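File shown: structure-v5.csv (CSV, C-alpha atoms and all ligand atoms).
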```
chain,number,residue,atom,x,y,z
A,1,MET,CA,13.0,-16.9,-6.3
A,2,ASP,CA,11.5,-15.1,-9.2
A,3,ASN,CA,7.8,-14.5,-8.3
A,4,ARG,CA,7.2,-11.9,-11.0
A,5,LEU,CA,3.7,-11.8,-12.5
A,6,PHE,CA,3.0,-10.1,-15.9
A,7,PHE,CA,-0.2,-8.2,-16.3
A,8,SER,CA,-0.4,-7.4,-20.0
A,9,ALA,CA,-2.5,-4.1,-19.7
A,10,THR,CA,0.4,-2.5,-17.7
A,11,GLN,CA,2.6,-2.6,-20.8
A,12,ARG,CA,0.0,-0.7,-22.7
A,13,ASN,CA,-1.1,1.9,-20.1
A,14,ARG,CA,2.0,2.7,-18.0
A,15,GLU,CA,3.1,5.4,-20.4
A,16,CYS,CA,-0.2,7.4,-20.6
A,17,ILE,CA,-0.9,7.0,-16.9
A,18,GLY,CA,2.7,8.1,-16.2
A,19,ASP,CA,2.0,11.2,-18.3
A,20,VAL,CA,-1.0,12.1,-16.1
A,21,LEU,CA,1.0,11.5,-13.0
A,22,SER,CA,3.8,13.7,-14.3
A,23,ARG,CA,1.4,16.7,-14.1
A,24,ILE,CA,0.5,16.0,-10.5
A,25,ILE,CA,3.4,14.4,-8.7
A,26,LYS,CA,6.0,16.7,-7.2
A,27,LYS,CA,7.8,15.3,-4.2
A,28,GLY,CA,7.4,13.0,-1.2
A,29,SER,CA,5.7,9.6,-1.3
A,30,VAL,CA,2.9,8.1,-3.3
A,31,LEU,CA,0.8,5.2,-2.0
A,32,GLU,CA,-0.5,2.8,-4.6
A,33,ILE,CA,-3.5,0.8,-3.6
A,34,GLY,CA,-4.1,-2.6,-5.4
A,35,SER,CA,-0.6,-2.6,-7.1
A,36,GLY,CA,-1.2,-6.1,-8.6
A,37,SER,CA,2.0,-7.4,-10.3
A,38,GLY,CA,4.0,-4.4,-9.3
A,39,GLU,CA,4.9,-3.5,-12.9
A,40,HIS,CA,3.4,-0.1,-12.6
A,41,GLY,CA,5.1,0.5,-9.3
A,42,VAL,CA,8.6,-0.1,-10.6
A,43,ALA,CA,7.9,1.8,-13.9
A,44,PHE,CA,6.7,4.9,-11.9
A,45,GLN,CA,9.6,4.6,-9.4
A,46,LYS,CA,12.0,4.7,-12.3
A,47,ARG,CA,10.1,7.5,-14.1
A,48,PHE,CA,9.9,9.7,-11.0
A,49,PRO,CA,13.2,9.1,-9.1
A,50,GLY,CA,12.7,12.0,-6.8
A,51,ILE,CA,9.8,10.4,-5.0
A,52,ILE,CA,9.1,7.2,-3.1
A,53,TRP,CA,6.6,4.9,-4.7
A,54,GLN,CA,4.9,2.7,-2.0
A,55,THR,CA,3.1,-0.3,-3.4
A,56,SER,CA,0.4,-2.3,-1.6
A,57,ASP,CA,-1.9,-5.2,-2.3
A,58,PRO,CA,-4.1,-7.6,-0.2
A,59,GLU,CA,-3.0,-10.7,-2.2
A,60,LEU,CA,0.1,-12.4,-1.1
A,61,ALA,CA,1.0,-13.6,-4.6
A,62,HIS,CA,0.8,-10.0,-5.8
A,63,ARG,CA,3.0,-8.8,-2.9
A,64,LYS,CA,5.6,-11.5,-3.8
A,65,SER,CA,5.4,-10.4,-7.4
A,66,ILE,CA,6.0,-6.8,-6.5
A,67,SER,CA,9.0,-7.7,-4.3
A,68,SER,CA,10.4,-9.7,-7.2
A,69,TRP,CA,9.9,-6.8,-9.6
A,70,ILE,CA,11.6,-4.4,-7.2
A,71,GLU,CA,14.6,-6.8,-7.0
A,72,HIS,CA,14.6,-7.5,-10.8
A,73,GLU,CA,14.7,-3.7,-11.5
A,74,ASP,CA,17.5,-3.2,-8.9
A,75,LEU,CA,15.3,-0.8,-6.9
A,76,THR,CA,15.7,-2.5,-3.5
A,77,LYS,CA,17.6,0.5,-2.0
A,78,LYS,CA,15.1,3.0,-3.3
A,79,MET,CA,11.7,1.4,-3.1
A,80,PRO,CA,10.0,0.0,0.1
A,81,GLN,CA,8.6,-3.5,0.1
A,82,PRO,CA,4.8,-3.7,-0.6
A,83,LEU,CA,2.3,-3.1,2.2
A,84,GLU,CA,-0.6,-5.5,2.9
A,85,ILE,CA,-3.5,-3.2,2.5
A,86,ASP,CA,-7.1,-4.3,1.9
A,87,VAL,CA,-9.0,-1.0,1.7
A,88,GLU,CA,-11.8,-2.3,3.9
A,89,LYS,CA,-9.5,-3.5,6.7
A,90,ILE,CA,-9.1,-0.3,8.7
A,91,PRO,CA,-7.1,1.5,9.8
A,92,TRP,CA,-4.6,0.9,7.0
A,93,LYS,CA,-1.3,-0.1,8.5
A,94,ILE,CA,0.9,2.8,7.2
A,95,PRO,CA,4.5,3.2,8.5
A,96,LEU,CA,5.1,6.6,10.1
A,97,ARG,CA,7.7,7.6,7.5
A,98,LEU,CA,5.1,7.1,4.8
A,99,ALA,CA,2.4,9.0,6.7
A,100,HIS,CA,4.7,11.9,7.1
A,101,SER,CA,5.8,12.1,3.5
A,102,LEU,CA,2.6,11.1,1.8
A,103,GLN,CA,1.6,13.4,-1.1
A,104,GLY,CA,-1.1,11.3,-2.7
A,105,ILE,CA,-2.8,8.0,-3.3
A,106,VAL,CA,-3.2,6.2,-6.7
A,107,ALA,CA,-5.5,3.2,-7.5
A,108,ILE,CA,-5.2,1.8,-11.0
A,109,ASN,CA,-7.8,-0.6,-12.3
A,110,MET,CA,-8.9,-1.4,-8.8
A,111,ILE,CA,-12.4,-0.2,-8.0
A,112,HIS,CA,-14.2,-2.2,-10.8
A,113,VAL,CA,-12.8,-5.5,-9.5
A,114,ALA,CA,-14.1,-4.8,-6.0
A,115,LYS,CA,-17.4,-4.2,-4.3
A,116,TRP,CA,-18.9,-0.8,-3.9
A,117,SER,CA,-18.0,-0.8,-0.2
A,118,CYS,CA,-14.3,-0.9,-1.3
A,119,THR,CA,-14.8,2.4,-3.2
A,120,GLU,CA,-16.4,3.9,-0.1
A,121,ALA,CA,-13.5,2.6,2.1
A,122,LEU,CA,-10.9,3.9,-0.4
A,123,PHE,CA,-12.3,7.5,-0.2
A,124,ARG,CA,-13.0,7.3,3.6
A,125,GLU,CA,-9.4,6.2,4.5
A,126,SER,CA,-7.7,8.4,1.9
A,127,GLY,CA,-9.7,11.3,3.2
A,128,LYS,CA,-8.3,10.6,6.7
A,129,LEU,CA,-4.7,10.2,5.5
A,130,LEU,CA,-4.4,13.1,3.1
A,131,ASN,CA,-4.2,16.7,3.8
A,132,LYS,CA,-5.7,19.7,2.0
A,133,GLY,CA,-4.2,20.0,-1.5
A,134,GLN,CA,-3.1,16.3,-1.7
A,135,PHE,CA,-4.5,14.0,-4.4
A,136,LEU,CA,-6.2,10.7,-5.0
A,137,ILE,CA,-6.1,9.5,-8.6
A,138,LEU,CA,-8.2,6.7,-10.0
A,139,TYR,CA,-7.6,5.1,-13.4
A,140,GLY,CA,-9.9,2.7,-15.1
A,141,PRO,CA,-13.2,2.3,-16.9
A,142,PHE,CA,-16.3,4.3,-15.7
A,143,LYS,CA,-19.9,4.7,-16.6
A,144,ILE,CA,-21.0,8.2,-17.3
A,145,CYS,CA,-24.6,9.1,-16.2
A,146,ASN,CA,-25.0,5.4,-15.6
A,147,LYS,CA,-24.2,4.5,-19.3
A,148,HIS,CA,-21.3,2.7,-20.7
A,149,ILE,CA,-19.1,4.8,-23.0
A,150,SER,CA,-18.5,1.9,-25.4
A,151,GLU,CA,-19.8,-1.5,-26.3
A,152,SER,CA,-16.5,-3.1,-25.2
A,153,ASN,CA,-17.0,-1.6,-21.7
A,154,TYR,CA,-20.5,-3.0,-21.6
A,155,PHE,CA,-19.2,-6.5,-22.4
A,156,PHE,CA,-16.3,-6.1,-20.0
A,157,ASP,CA,-18.7,-5.1,-17.2
A,158,ASN,CA,-20.9,-8.2,-17.9
A,159,SER,CA,-17.8,-10.4,-17.8
A,160,LEU,CA,-16.8,-8.9,-14.4
A,161,LYS,CA,-20.3,-9.5,-13.0
A,162,MET,CA,-20.2,-13.1,-14.2
A,163,LYS,CA,-17.0,-13.6,-12.1
A,164,ASN,CA,-18.4,-11.8,-9.1
A,165,ASP,CA,-21.9,-10.3,-8.6
A,166,HIS,CA,-20.4,-7.4,-6.6
A,167,TRP,CA,-17.8,-6.4,-9.2
A,168,GLY,CA,-18.4,-4.1,-12.1
A,169,ILE,CA,-17.7,-0.8,-13.7
A,170,LYS,CA,-18.7,2.0,-11.4
A,171,ASN,CA,-20.7,5.1,-12.2
A,172,LEU,CA,-18.6,8.3,-12.2
A,173,GLU,CA,-21.2,10.5,-10.6
A,174,GLU,CA,-21.6,8.1,-7.7
A,175,VAL,CA,-17.8,7.9,-7.3
A,176,CYS,CA,-17.7,11.7,-7.3
A,177,GLY,CA,-20.4,11.7,-4.6
A,178,GLU,CA,-18.3,9.5,-2.4
A,179,SER,CA,-15.3,11.9,-3.0
A,180,LYS,CA,-17.3,14.9,-1.9
A,181,LYS,CA,-18.5,13.1,1.3
A,182,ASN,CA,-14.9,12.7,2.3
A,183,GLY,CA,-13.6,16.2,1.5
A,184,PHE,CA,-12.4,15.8,-2.1
A,185,SER,CA,-13.2,17.8,-5.2
A,186,GLN,CA,-13.2,16.1,-8.6
A,187,GLU,CA,-10.5,18.3,-10.2
A,188,HIS,CA,-10.0,16.6,-13.6
A,189,VAL,CA,-11.7,13.9,-15.7
A,190,ILE,CA,-9.2,12.8,-18.4
A,191,ARG,CA,-10.2,10.6,-21.2
A,192,MET,CA,-7.6,7.9,-21.7
A,193,PRO,CA,-7.0,5.3,-24.5
A,194,ALA,CA,-9.0,2.1,-24.6
A,195,ASN,CA,-12.1,3.7,-23.1
A,196,ASN,CA,-10.6,4.4,-19.7
A,197,PHE,CA,-10.4,7.6,-17.6
A,198,SER,CA,-8.0,9.1,-15.2
A,199,ILE,CA,-9.9,11.0,-12.5
A,200,ILE,CA,-8.0,13.4,-10.3
A,201,TYR,CA,-9.5,14.1,-6.9
A,202,ARG,CA,-8.0,16.8,-4.7
A,203,LYS,CA,-8.5,17.1,-0.9
A,204,VAL,CA,-10.1,20.5,-0.3
A,205,SER,CA,-11.1,20.2,3.4
B,301,LIG,C1,-7.2,-5.7,-12.0
B,301,LIG,S1,-6.0,-5.7,-10.7
B,301,LIG,C2,-5.1,-4.3,-11.1
B,301,LIG,C3,-3.7,-4.4,-10.6
B,301,LIG,C4,-2.8,-3.2,-11.0
B,301,LIG,N1,-3.2,-2.0,-10.4
B,301,LIG,C5,-2.8,-3.0,-12.5
B,301,LIG,O1,-3.4,-2.0,-13.0
B,301,LIG,O2,-2.3,-3.9,-13.2
B,301,LIG,C6,-6.9,-5.2,-9.3
B,301,LIG,C7,-6.1,-5.2,-8.0
B,301,LIG,O3,-6.8,-4.7,-6.9
B,301,LIG,C8,-6.6,-5.5,-5.8
B,301,LIG,N2,-7.7,-5.4,-4.9
B,301,LIG,C9,-8.9,-6.0,-4.9
B,301,LIG,N3,-9.6,-5.8,-3.9
B,301,LIG,C10,-8.9,-4.9,-3.1
B,301,LIG,C11,-9.2,-4.3,-1.8
B,301,LIG,N4,-10.3,-4.6,-1.1
B,301,LIG,N5,-8.2,-3.5,-1.3
B,301,LIG,C12,-7.1,-3.3,-2.0
B,301,LIG,N6,-6.8,-3.8,-3.2
B,301,LIG,C13,-7.7,-4.7,-3.7
B,301,LIG,C14,-6.3,-6.9,-6.3
B,301,LIG,O4,-5.6,-7.7,-5.4
B,301,LIG,C15,-5.6,-6.6,-7.6
B,301,LIG,O5,-4.2,-6.6,-7.4
```
Written as structure tokens, how would this file's structure read?
Amino acid sequence: MDNRLFFSATQRNRECIGDVLSRIIKKGSVLEIGSGSGEHGVAFQKRFPGIIWQTSDPELAHRKSISSWIEHEDLTKKMPQPLEIDVEKIPWKIPLRLAHSLQGIVAINMIHVAKWSCTEALFRESGKLLNKGQFLILYGPFKICNKHISESNYFFDNSLKMKNDHWGIKNLEEVCGESKKNGFSQEHVIRMPANNFSIIYRKVS
């Protein structure tokens, strides 16, 4: 059955996110948290054939979509099936082969559609799984010094909060604070199209 979902933003941002990843990703496996439809996953697996892209999502409909995308793109021999990971449900159930080959963790447009405790859990668990030198990359909108960087982000933030009080665009300095608590340094803050950022965190201890 074709369970593919289509998230329109992934068409627009996959190329520029892929360009950021191409500077960082070298070998091994990458774990994606909150993979959504799976469109990013299959696009990055095809762009970086030397690695293994491991998708995950807590939503069953999303995991079914990811599996359908994997099949549709003829990647079943290369790409593992999505994992069920809710960042707050710990410990994350990670297969041994992934734990041994893991190079980094990526979360795209995830932390603003989740409560702050999910950001805390993401850093805490990533900090436990990753070794010195490995990366955690976040992509999405952020406030800087608690201010929105555009009017459209302000309206987007309000629309998120109307859907769920606990959602909303996070403040970069607070996210950075969380990274430090868990042994990461904020290595690069990259301005991206459409008022988004890619933030590269590196495990330093
Ligand atoms: C806005 S969608 C983004 C999906 C995809 N990364 C993209 O860019 O198209 C946010 C995703 O985060 C996932 N998510 C929400 N809360 C989560 C949590 N606690 N742990 C892991 N993923 C979560 C949702 O299921 C959803 O797939």
Excluding Arg124 in chain A and residues on its chain fewer than 5 positions from it, collect all residues at most 12 Å away from it, counting all atoms listed in the file, and give them as a CSV table (one decimal) with C-alpha atoms, in the coordinates of the input.
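The result, written out as around_8.csv:
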```
chain,number,residue,atom,x,y,z
A,87,VAL,CA,-9.0,-1.0,1.7
A,88,GLU,CA,-11.8,-2.3,3.9
A,89,LYS,CA,-9.5,-3.5,6.7
A,90,ILE,CA,-9.1,-0.3,8.7
A,91,PRO,CA,-7.1,1.5,9.8
A,92,TRP,CA,-4.6,0.9,7.0
A,117,SER,CA,-18.0,-0.8,-0.2
A,118,CYS,CA,-14.3,-0.9,-1.3
A,119,THR,CA,-14.8,2.4,-3.2
A,129,LEU,CA,-4.7,10.2,5.5
A,130,LEU,CA,-4.4,13.1,3.1
A,136,LEU,CA,-6.2,10.7,-5.0
A,175,VAL,CA,-17.8,7.9,-7.3
A,177,GLY,CA,-20.4,11.7,-4.6
A,178,GLU,CA,-18.3,9.5,-2.4
A,179,SER,CA,-15.3,11.9,-3.0
A,180,LYS,CA,-17.3,14.9,-1.9
A,181,LYS,CA,-18.5,13.1,1.3
A,182,ASN,CA,-14.9,12.7,2.3
A,183,GLY,CA,-13.6,16.2,1.5
A,184,PHE,CA,-12.4,15.8,-2.1
A,203,LYS,CA,-8.5,17.1,-0.9
```
For this session: For Ile190 in chain A, list every protein, DNA or RNA residue within 12 Å, evaluated using all atoms listed in the file, and leave out those in the same chain fewer than 4 positions away; present the list as a PyMOL selection string.
Result: chain A and resi 16-17+19-21+137-142+186+195-201
Exercise. So what do you get for CA of Ile25 in chain A versus CA of Ser56 in chain A, distance-wise?
Worked result: 18.4 Å
For this session: Skip range 59-74 of chain A itself and residues of its chain fewer than 4 positions away, then list as a PyMOL selection string all residues within 6 Å of it, counting all atoms listed in the file.
Result: chain A and resi 2-5+36-38+82
So which residues are near ligand LIG 301 (chain B), meaning at most 7 Å away with all atoms listed in the file counted, given back as a tab-separated table (two decimals) with C-alpha atoms, in the frame of the given file?
```tsv
chain	number	residue	atom	x	y	z
A	7	PHE	CA	-0.20	-8.20	-16.30
A	9	ALA	CA	-2.50	-4.10	-19.70
A	10	THR	CA	0.40	-2.50	-17.70
A	33	ILE	CA	-3.50	0.80	-3.60
A	34	GLY	CA	-4.10	-2.60	-5.40
A	35	SER	CA	-0.60	-2.60	-7.10
A	36	GLY	CA	-1.20	-6.10	-8.60
A	37	SER	CA	2.00	-7.40	-10.30
A	40	HIS	CA	3.40	-0.10	-12.60
A	57	ASP	CA	-1.90	-5.20	-2.30
A	58	PRO	CA	-4.10	-7.60	-0.20
A	59	GLU	CA	-3.00	-10.70	-2.20
A	62	HIS	CA	0.80	-10.00	-5.80
A	85	ILE	CA	-3.50	-3.20	2.50
A	86	ASP	CA	-7.10	-4.30	1.90
A	87	VAL	CA	-9.00	-1.00	1.70
A	88	GLU	CA	-11.80	-2.30	3.90
A	107	ALA	CA	-5.50	3.20	-7.50
A	108	ILE	CA	-5.20	1.80	-11.00
A	109	ASN	CA	-7.80	-0.60	-12.30
A	110	MET	CA	-8.90	-1.40	-8.80
A	113	VAL	CA	-12.80	-5.50	-9.50
A	114	ALA	CA	-14.10	-4.80	-6.00
A	118	CYS	CA	-14.30	-0.90	-1.30
```
For this session: May I have the residues within 9 Å of Gln103 in chain A as a ChimeraX atom specification, using all atoms listed in the file and disregarding those fewer than 6 positions away in the same chain?
Result: /A:25-31,130-131,133-135
Seminar exercise, completed: With distances taken over all atoms listed in the file, the candidate from A:Gly168, A:Gly18, A:Gly104, A:Pro193 nearest Ile52 in chain A is A:Gly104
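As for CA of Glu84 in chain A and CA of Val106 in chain A, they are spaced 15.4 Å apart.
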Exercise. At what distance in Å, to one decimal, does CA of Arg191 in chain A lie from CA of Ile169 in chain A?
Worked result: 15.6 Å
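Across A:Cys145, A:Ala194, A:Ile24, A:Met79, the tightest approach to Ile105 in chain A is made by A:Ile24 when counting all atoms listed in the file.
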